[in-house]
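Q: work.json is the file, holding JSON, C-alpha atoms:
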```
[["chain", "number", "residue", "atom", "x", "y", "z"],
["B", 21, "MET", "CA", 11.08, 20.85, 19.33],
["B", 22, "ALA", "CA", 11.55, 18.88, 22.51],
["B", 23, "HIS", "CA", 7.77, 18.60, 22.77],
["B", 24, "VAL", "CA", 7.51, 17.14, 19.27],
["B", 25, "SER", "CA", 10.27, 14.64, 20.03],
["B", 26, "ARG", "CA", 8.34, 13.46, 23.12],
["B", 27, "VAL", "CA", 5.18, 13.03, 21.05],
["B", 28, "LEU", "CA", 7.13, 11.08, 18.42],
["B", 29, "HIS", "CA", 8.59, 8.86, 21.14],
["B", 30, "SER", "CA", 5.12, 8.31, 22.57],
["B", 31, "GLU", "CA", 3.68, 7.34, 19.20],
["B", 32, "TRP", "CA", 6.64, 5.04, 18.56],
["B", 33, "THR", "CA", 6.01, 3.31, 21.86],
["B", 34, "LYS", "CA", 2.30, 2.92, 21.12],
["B", 35, "VAL", "CA", 2.73, 1.52, 17.61],
["B", 36, "THR", "CA", 5.59, -0.86, 18.46],
["B", 37, "THR", "CA", 4.17, -2.34, 21.64],
["B", 38, "VAL", "CA", 0.97, -3.77, 20.22],
["B", 39, "ARG", "CA", 0.94, -7.22, 18.63],
["B", 40, "SER", "CA", -1.17, -6.09, 15.68],
["B", 41, "THR", "CA", 1.78, -4.07, 14.34],
["B", 42, "PHE", "CA", 4.03, -7.11, 14.12],
["B", 43, "TRP", "CA", 1.37, -9.44, 12.75],
["B", 44, "THR", "CA", -0.01, -7.11, 10.08],
["B", 45, "LEU", "CA", 3.44, -6.11, 8.78],
["B", 46, "ALA", "CA", 4.70, -9.70, 8.93],
["B", 47, "THR", "CA", 1.60, -10.83, 7.04],
["B", 48, "ALA", "CA", 2.18, -8.18, 4.37],
["B", 49, "PHE", "CA", 5.72, -9.50, 3.87],
["B", 50, "VAL", "CA", 4.84, -13.21, 3.87],
["B", 51, "VAL", "CA", 1.78, -12.91, 1.62],
["B", 52, "THR", "CA", 3.40, -10.56, -0.91],
["B", 53, "VAL", "CA", 6.67, -12.49, -1.20],
["B", 54, "GLY", "CA", 5.11, -15.95, -0.90],
["B", 55, "LEU", "CA", 2.30, -15.45, -3.39],
["B", 56, "GLY", "CA", 4.64, -13.68, -5.81],
["B", 57, "ALA", "CA", 7.06, -16.62, -5.60],
["B", 58, "LEU", "CA", 4.27, -19.13, -6.19],
["B", 59, "ILE", "CA", 3.00, -17.29, -9.26],
["B", 60, "ALA", "CA", 6.55, -16.87, -10.59],
["B", 61, "ALA", "CA", 7.15, -20.62, -10.28],
["B", 62, "VAL", "CA", 3.87, -21.45, -12.02],
["B", 63, "THR", "CA", 4.57, -18.88, -14.75],
["B", 64, "ALA", "CA", 8.00, -20.37, -15.45],
["B", 65, "SER", "CA", 6.55, -23.86, -15.80],
["B", 66, "THR", "CA", 3.70, -22.78, -18.09],
["B", 67, "PHE", "CA", 5.42, -20.04, -20.09],
["B", 68, "ASN", "CA", 5.41, -21.98, -23.36],
["B", 69, "ASP", "CA", 1.66, -22.53, -23.05],
["B", 70, "MET", "CA", 0.92, -18.79, -22.98],
["B", 71, "PRO", "CA", -0.77, -17.18, -25.99],
["B", 72, "PRO", "CA", 1.70, -15.26, -28.23],
["B", 73, "GLN", "CA", 0.16, -11.90, -27.30],
["B", 74, "GLN", "CA", 0.60, -12.60, -23.59],
["B", 75, "ARG", "CA", 4.21, -13.65, -24.10],
["B", 76, "ALA", "CA", 4.88, -10.45, -26.09],
["B", 77, "THR", "CA", 3.92, -8.31, -23.08],
["B", 78, "PHE", "CA", 5.43, -10.64, -20.48],
["B", 79, "ASP", "CA", 6.85, -8.58, -17.62],
["B", 80, "PRO", "CA", 9.06, -10.66, -15.28],
["B", 81, "THR", "CA", 9.39, -7.75, -12.86],
["B", 82, "PHE", "CA", 5.66, -7.32, -12.43],
["B", 83, "VAL", "CA", 5.21, -11.09, -11.99],
["B", 84, "SER", "CA", 7.38, -10.83, -8.85],
["B", 85, "PHE", "CA", 4.84, -8.39, -7.41],
["B", 86, "SER", "CA", 1.78, -10.54, -8.12],
["B", 87, "GLY", "CA", 1.30, -11.06, -4.39],
["B", 88, "THR", "CA", 0.89, -7.34, -3.75],
["B", 89, "THR", "CA", -2.84, -7.56, -4.49],
["B", 90, "LEU", "CA", -3.33, -9.57, -1.29],
["B", 91, "GLY", "CA", -0.33, -8.24, 0.64],
["B", 92, "GLN", "CA", -1.66, -4.70, 0.43],
["B", 93, "LEU", "CA", -4.70, -5.78, 2.47],
["B", 94, "ALA", "CA", -2.36, -6.37, 5.42],
["B", 95, "MET", "CA", -0.92, -2.87, 4.94],
["B", 96, "ILE", "CA", -4.48, -1.53, 4.96],
["B", 97, "ALA", "CA", -5.11, -3.41, 8.22],
["B", 98, "PHE", "CA", -1.98, -1.86, 9.74],
["B", 99, "GLY", "CA", -3.05, 1.65, 8.72],
["B", 100, "VAL", "CA", -6.55, 1.21, 10.12],
["B", 101, "LEU", "CA", -5.43, -0.37, 13.41],
["B", 102, "ALA", "CA", -2.64, 2.18, 13.97],
["B", 103, "VAL", "CA", -5.29, 4.91, 14.11],
["B", 104, "SER", "CA", -8.66, 3.47, 15.02],
["B", 105, "SER", "CA", -7.53, 1.27, 17.92],
["B", 106, "GLU", "CA", -7.18, 4.45, 19.98],
["B", 107, "TYR", "CA", -10.79, 5.36, 19.23],
["B", 108, "SER", "CA", -12.17, 1.87, 19.92],
["B", 109, "THR", "CA", -10.42, 1.65, 23.30],
["B", 110, "GLY", "CA", -11.12, 5.25, 24.33],
["B", 111, "MET", "CA", -7.38, 5.93, 24.58],
["B", 112, "ILE", "CA", -7.80, 8.80, 22.14],
["B", 113, "ARG", "CA", -9.11, 10.99, 24.99],
["B", 114, "SER", "CA", -5.91, 10.48, 26.95],
["B", 115, "SER", "CA", -3.78, 11.01, 23.84],
["B", 116, "LEU", "CA", -5.45, 14.31, 22.95],
["B", 117, "GLY", "CA", -5.42, 15.35, 26.60],
["B", 118, "ALA", "CA", -1.66, 14.88, 26.66],
["B", 119, "VAL", "CA", -1.17, 16.43, 23.19],
["B", 120, "PRO", "CA", -3.88, 19.07, 22.67],
["B", 121, "GLN", "CA", -2.20, 20.24, 19.45],
["B", 122, "ARG", "CA", -4.09, 17.84, 17.23],
["B", 123, "GLY", "CA", -1.99, 18.57, 14.16],
["B", 124, "VAL", "CA", 1.16, 17.58, 16.07],
["B", 125, "PHE", "CA", -0.54, 14.45, 17.37],
["B", 126, "MET", "CA", -1.69, 13.35, 13.90],
["B", 127, "ALA", "CA", 1.57, 14.28, 12.15],
["B", 128, "SER", "CA", 3.62, 12.36, 14.74],
["B", 129, "LYS", "CA", 1.48, 9.24, 14.37],
["B", 130, "ILE", "CA", 1.74, 9.44, 10.58],
["B", 131, "ALA", "CA", 5.52, 10.02, 10.67],
["B", 132, "VAL", "CA", 6.18, 7.03, 12.93],
["B", 133, "SER", "CA", 3.86, 4.73, 10.96],
["B", 134, "THR", "CA", 5.33, 5.90, 7.64],
["B", 135, "LEU", "CA", 8.83, 5.02, 8.79],
["B", 136, "LEU", "CA", 7.74, 1.52, 9.79],
["B", 137, "VAL", "CA", 5.75, 0.69, 6.66],
["B", 138, "LEU", "CA", 8.39, 2.20, 4.36],
["B", 139, "VAL", "CA", 11.10, -0.05, 5.81],
["B", 140, "VAL", "CA", 8.87, -3.14, 5.66],
["B", 141, "GLY", "CA", 7.60, -2.16, 2.20],
["B", 142, "MET", "CA", 11.13, -1.84, 0.80],
["B", 143, "VAL", "CA", 12.29, -5.12, 2.36],
["B", 144, "THR", "CA", 9.18, -6.81, 0.98],
["B", 145, "SER", "CA", 9.62, -5.33, -2.48],
["B", 146, "PHE", "CA", 13.29, -6.29, -2.87],
["B", 147, "SER", "CA", 12.64, -9.77, -1.41],
["B", 148, "ALA", "CA", 9.70, -10.38, -3.75],
["B", 149, "PHE", "CA", 11.77, -9.31, -6.75],
["B", 150, "PHE", "CA", 14.86, -11.42, -6.08],
["B", 151, "LEU", "CA", 12.92, -14.55, -5.08],
["B", 152, "GLY", "CA", 10.54, -14.17, -8.03],
["B", 153, "GLN", "CA", 13.40, -13.78, -10.51],
["B", 154, "ALA", "CA", 15.20, -16.80, -9.08],
["B", 155, "LEU", "CA", 12.08, -18.91, -9.68],
["B", 156, "LEU", "CA", 11.46, -17.53, -13.18],
["B", 157, "GLY", "CA", 14.81, -18.93, -14.29],
["B", 158, "GLU", "CA", 15.50, -18.33, -17.99],
["B", 159, "TYR", "CA", 12.55, -15.90, -18.20],
["B", 160, "SER", "CA", 13.87, -13.62, -15.46],
["B", 161, "THR", "CA", 15.33, -10.13, -15.66],
["B", 162, "SER", "CA", 17.99, -8.37, -13.57],
["B", 163, "ILE", "CA", 17.99, -5.33, -11.34],
["B", 164, "GLY", "CA", 20.36, -3.62, -13.76],
["B", 165, "GLU", "CA", 17.87, -3.63, -16.63],
["B", 166, "GLU", "CA", 16.20, -0.37, -17.55],
["B", 167, "ASN", "CA", 13.40, 0.74, -15.16],
["B", 168, "VAL", "CA", 13.64, -2.41, -13.01],
["B", 169, "LEU", "CA", 15.13, -0.63, -9.97],
["B", 170, "ARG", "CA", 12.45, 2.04, -10.35],
["B", 171, "ALA", "CA", 9.78, -0.67, -10.21],
["B", 172, "ILE", "CA", 11.27, -2.30, -7.11],
["B", 173, "ILE", "CA", 11.59, 0.95, -5.15],
["B", 174, "GLY", "CA", 8.16, 1.94, -6.44],
["B", 175, "GLY", "CA", 6.73, -1.28, -5.01],
["B", 176, "GLY", "CA", 7.88, -0.26, -1.53],
["B", 177, "ILE", "CA", 6.50, 3.25, -1.96],
["B", 178, "TYR", "CA", 3.19, 1.82, -3.21],
["B", 179, "MET", "CA", 2.72, -0.28, -0.06],
["B", 180, "THR", "CA", 3.59, 2.73, 2.10],
["B", 181, "LEU", "CA", 1.06, 4.94, 0.31],
["B", 182, "MET", "CA", -1.61, 2.27, 0.71],
["B", 183, "ALA", "CA", -1.07, 2.25, 4.49],
["B", 184, "LEU", "CA", -1.13, 6.07, 4.61],
["B", 185, "PHE", "CA", -4.37, 6.19, 2.61],
["B", 186, "SER", "CA", -5.92, 3.76, 5.10],
["B", 187, "MET", "CA", -4.74, 5.92, 8.01],
["B", 188, "GLY", "CA", -6.45, 8.93, 6.49],
["B", 189, "ILE", "CA", -9.70, 7.00, 6.09],
["B", 190, "ALA", "CA", -9.40, 5.68, 9.66],
["B", 191, "PHE", "CA", -8.95, 9.22, 11.03],
["B", 192, "LEU", "CA", -12.03, 10.21, 9.03],
["B", 193, "LEU", "CA", -14.28, 7.32, 10.09],
["B", 194, "ARG", "CA", -12.82, 6.71, 13.60],
["B", 195, "SER", "CA", -14.24, 3.18, 13.65],
["B", 196, "PRO", "CA", -12.13, 0.09, 12.81],
["B", 197, "LEU", "CA", -15.19, -1.93, 11.80],
["B", 198, "LEU", "CA", -16.48, 0.77, 9.47],
["B", 199, "ALA", "CA", -13.03, 1.37, 7.97],
["B", 200, "PHE", "CA", -12.47, -2.35, 7.36],
["B", 201, "ALA", "CA", -16.00, -2.76, 5.97],
["B", 202, "ILE", "CA", -15.30, -0.09, 3.35],
["B", 203, "LEU", "CA", -11.61, -0.54, 2.51],
["B", 204, "MET", "CA", -11.26, -4.34, 2.38],
["B", 205, "PRO", "CA", -14.04, -5.14, -0.12],
["B", 206, "PHE", "CA", -13.26, -2.01, -2.10],
["B", 207, "PHE", "CA", -9.59, -2.87, -2.74],
["B", 208, "PHE", "CA", -10.11, -6.65, -2.88],
["B", 209, "LEU", "CA", -13.09, -6.68, -5.26],
["B", 210, "VAL", "CA", -14.67, -3.39, -6.28],
["B", 211, "SER", "CA", -11.56, -1.65, -7.59],
["B", 212, "ASN", "CA", -10.44, -4.70, -9.57],
["B", 213, "ILE", "CA", -13.88, -5.10, -11.12],
["B", 214, "LEU", "CA", -14.12, -1.42, -12.04],
["B", 215, "GLY", "CA", -10.65, -1.57, -13.58],
["B", 216, "ALA", "CA", -11.41, -4.72, -15.58],
["B", 217, "VAL", "CA", -14.90, -4.07, -16.93],
["B", 218, "GLU", "CA", -14.89, -2.19, -20.22],
["B", 219, "ALA", "CA", -17.73, 0.18, -19.26],
["B", 220, "THR", "CA", -16.01, 1.37, -16.06],
["B", 221, "ARG", "CA", -12.32, 1.03, -16.98],
["B", 222, "ASP", "CA", -11.88, 4.73, -17.80],
["B", 223, "VAL", "CA", -12.95, 5.62, -14.26],
["B", 224, "GLY", "CA", -11.42, 2.60, -12.51],
["B", 225, "GLN", "CA", -7.92, 3.32, -13.80],
["B", 226, "TYR", "CA", -7.81, 6.47, -11.69],
["B", 227, "LEU", "CA", -8.51, 4.67, -8.40],
["B", 228, "PRO", "CA", -5.50, 4.68, -6.01],
["B", 229, "ASP", "CA", -4.47, 1.04, -6.36],
["B", 230, "GLN", "CA", -5.11, 0.86, -10.10],
["B", 231, "ALA", "CA", -3.05, 3.98, -10.77],
["B", 232, "GLY", "CA", -0.33, 3.40, -8.16],
["B", 233, "SER", "CA", 0.43, -0.20, -9.17],
["B", 234, "MET", "CA", 1.63, 1.06, -12.57],
["B", 235, "ILE", "CA", 4.93, 1.96, -10.88],
["B", 236, "MET", "CA", 5.71, -1.78, -10.58],
["B", 237, "SER", "CA", 5.39, -2.50, -14.31],
["B", 238, "VAL", "CA", 8.31, -2.29, -16.73],
["B", 239, "VAL", "CA", 6.91, -3.63, -20.00],
["B", 240, "ASP", "CA", 4.23, -1.57, -21.76],
["B", 241, "GLY", "CA", 0.88, -3.36, -21.82],
["B", 242, "SER", "CA", 1.91, -5.93, -19.20],
["B", 243, "MET", "CA", -1.07, -5.11, -17.00],
["B", 244, "GLY", "CA", -3.45, -3.78, -19.59],
["B", 245, "SER", "CA", -1.63, -0.47, -19.32],
["B", 246, "GLY", "CA", -1.01, 0.10, -23.00],
["B", 247, "ASP", "CA", -3.86, 2.56, -23.42],
["B", 248, "ARG", "CA", -3.62, 4.34, -20.08],
["B", 249, "PRO", "CA", -3.23, 8.14, -20.25],
["B", 250, "TYR", "CA", -0.45, 8.15, -17.64],
["B", 251, "GLY", "CA", 2.85, 6.36, -17.09],
["B", 252, "PRO", "CA", 4.36, 4.73, -13.97],
["B", 253, "TRP", "CA", 5.28, 8.02, -12.26],
["B", 254, "GLY", "CA", 2.02, 9.64, -13.32],
["B", 255, "GLY", "CA", 0.12, 6.73, -11.78],
["B", 256, "LEU", "CA", 2.06, 7.03, -8.52],
["B", 257, "LEU", "CA", 1.34, 10.77, -8.47],
["B", 258, "ILE", "CA", -2.39, 10.07, -8.85],
["B", 259, "MET", "CA", -2.21, 7.65, -5.94],
["B", 260, "ALA", "CA", -0.31, 10.22, -3.85],
["B", 261, "GLY", "CA", -3.11, 12.68, -4.61],
["B", 262, "TRP", "CA", -5.66, 10.25, -3.15],
["B", 263, "VAL", "CA", -3.47, 9.88, -0.05],
["B", 264, "VAL", "CA", -3.24, 13.65, 0.43],
["B", 265, "VAL", "CA", -7.03, 14.00, 0.11],
["B", 266, "ALA", "CA", -7.64, 11.16, 2.61],
["B", 267, "LEU", "CA", -5.17, 12.61, 5.14],
["B", 268, "LEU", "CA", -6.61, 16.13, 4.79],
["B", 269, "ALA", "CA", -10.14, 14.77, 5.33],
["B", 270, "GLY", "CA", -8.85, 12.90, 8.38],
["B", 271, "PHE", "CA", -7.12, 16.03, 9.69],
["B", 272, "VAL", "CA", -10.33, 18.08, 9.38],
["B", 273, "THR", "CA", -12.17, 15.39, 11.34],
["B", 274, "VAL", "CA", -9.51, 15.26, 14.06],
["B", 275, "LYS", "CA", -9.48, 19.06, 14.25],
["B", 276, "LYS", "CA", -13.25, 19.63, 14.37],
["B", 277, "ARG", "CA", -14.74, 16.69, 16.23],
["B", 278, "ASP", "CA", -14.53, 15.83, 19.89],
["B", 279, "ALA", "CA", -12.58, 12.77, 20.94]]
```
Take the structure in this file and express it as structure tokens.
A:
Amino acid sequence: MAHVSRVLHSEWTKVTTVRSTFWTLATAFVVTVGLGALIAAVTASTFNDMPPQQRATFDPTFVSFSGTTLGQLAMIAFGVLAVSSEYSTGMIRSSLGAVPQRGVFMASKIAVSTLLVLVVGMVTSFSAFFLGQALLGEYSTSIGEENVLRAIIGGGIYMTLMALFSMGIAFLLRSPLLAFAILMPFFFLVSNILGAVEATRDVGQYLPDQAGSMIMSVVDGSMGSGDRPYGPWGGLLIMAGWVVVALLAGFVTVKKRDA
């Protein structure tokens, strides 16, 4: 037990003493809250110009989380850098030399990173909600309304799962450049296109971000979710499944391959 505590302390020291940790997590907060606030303000000023169908499915809670689409890219960057920086610098050889139990090494890194991103994700989610609702004015909702608190807490969990998925991919690929080259365009463009195009929507809705983001919606149909075969918790469970698969693939790589 004492050995595990030393490994956890070591991973905590590594992840909190590099500048990339602060900058990526700070960027996730600023982009998510700031962009959500901007879109909430614009929505409030143009609400009466919306088509009737769009107003019927208007979801003030989900509007607060509009910035998550870009903010999650910073969480992806955190997940990739938390893992792959050790490979790019060669420090991984020292880390595995000090902790030859690779499962303990990987689990400790994941536990420490999860704690950090969960705290930042929750602060970001609650901040985005309250600021967004303040700017929506008469079109806002309150945290006491049905399913709103679920959506806010779900927003923090969503950002945490996105970072964990990226960590799994980084353990699998072991290269920051390769991980960024795959994850950034995929979640910024490819996934959104697959989820929006009619021919690929049935497949796209099961991708981790498309499924997981359902947890942040409160009004049925607010994000084209009216015909989805799963609800908010079902979507989050699908996303969690992707995370488990990514982390298992990363664990197999860490276990089998040389540093």
Q: Here is a test: counting all atoms listed in the file, which residue of B:Asn68, B:Thr37, B:Gln92, B:Thr81 is nearest to Glu166 of chain B?
A: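 Result for the nearest residue to Glu166 of chain B: B:Thr81.
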Q: For segment 171-173 of chain B, please output as a list in words all residues within 6 Å (counting only C-alpha atoms; exclusion window: fewer than 6 positions along the same chain).
A: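 The neighbour list is Ser145, Ile235 and Met236 of chain B.
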Q: What lies within 6 Å of segment 59-65 of chain B using all atoms listed in the file, ignoring chain neighbours under 2 positions off, as a compact mmCIF listing (two decimals) with C-alpha atoms, in the frame of the given file?
A:
```txt
# COMPACT_ATOMS: atom_id res chain seq x y z
CA GLY B 56 4.64 -13.68 -5.81
CA ALA B 57 7.06 -16.62 -5.60
CA PHE B 67 5.42 -20.04 -20.09
CA GLY B 152 10.54 -14.17 -8.03
CA LEU B 155 12.08 -18.91 -9.68
CA LEU B 156 11.46 -17.53 -13.18
```
Q: Would you mind telling me which residue in B:Pro228, B:Phe85, B:Ser115, B:Val100 lies nearest to Ser128 of chain B when using all atoms listed in the file?
A: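 Among the listed residues, B:Ser115 lies closest to Ser128 of chain B.
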Q: Here is a test: counting all atoms listed in the file, which residue of B:Gly123, B:Pro72, B:Phe98, B:Ala148 is nearest to Thr273 of chain B?
A: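 Once distances to Thr273 of chain B are computed over all atoms listed in the file, the minimum belongs to B:Gly123.
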Q: Leaving out Leu256 of chain B and any residue of its chain fewer than 2 positions from it, which residues lie within 7 Å of it when counting all atoms listed in the file, given as an MDAnalysis selection string?
A: chainID B and resid 231:232 235 252:254 258:260
Q: With all atoms listed in the file as the atoms that count, which of B:His23, B:His29, B:Arg39, B:Arg170 lies nearest to Phe82 of chain B?
A: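 Closest to Phe82 of chain B, using all atoms listed in the file: B:Arg170.
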Q: My list of candidates is B:Leu138, B:Leu101, B:Val238, B:Leu58. Which is closest to Ser86 of chain B when distances are computed with all atoms listed in the file?
A: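 Closest to Ser86 of chain B, using all atoms listed in the file: B:Leu58.
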Q: Excluding same-chain residues fewer than 4 positions from Thr44 of chain B, what lies within 9 Å of it counting all atoms listed in the file, as a list in words?
A: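 The neighbour list is Arg39, Ser40, Ala48, Phe49, Ala94, Met95, Ile96, Ala97 and Phe98 of chain B.
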Q: From the list B:Val24, B:Ala183, B:Met142, B:Val137, which residue is nearest Val119 of chain B when using all atoms listed in the file?
A: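 Selected residue with least distance to Val119 of chain B: B:Val24.
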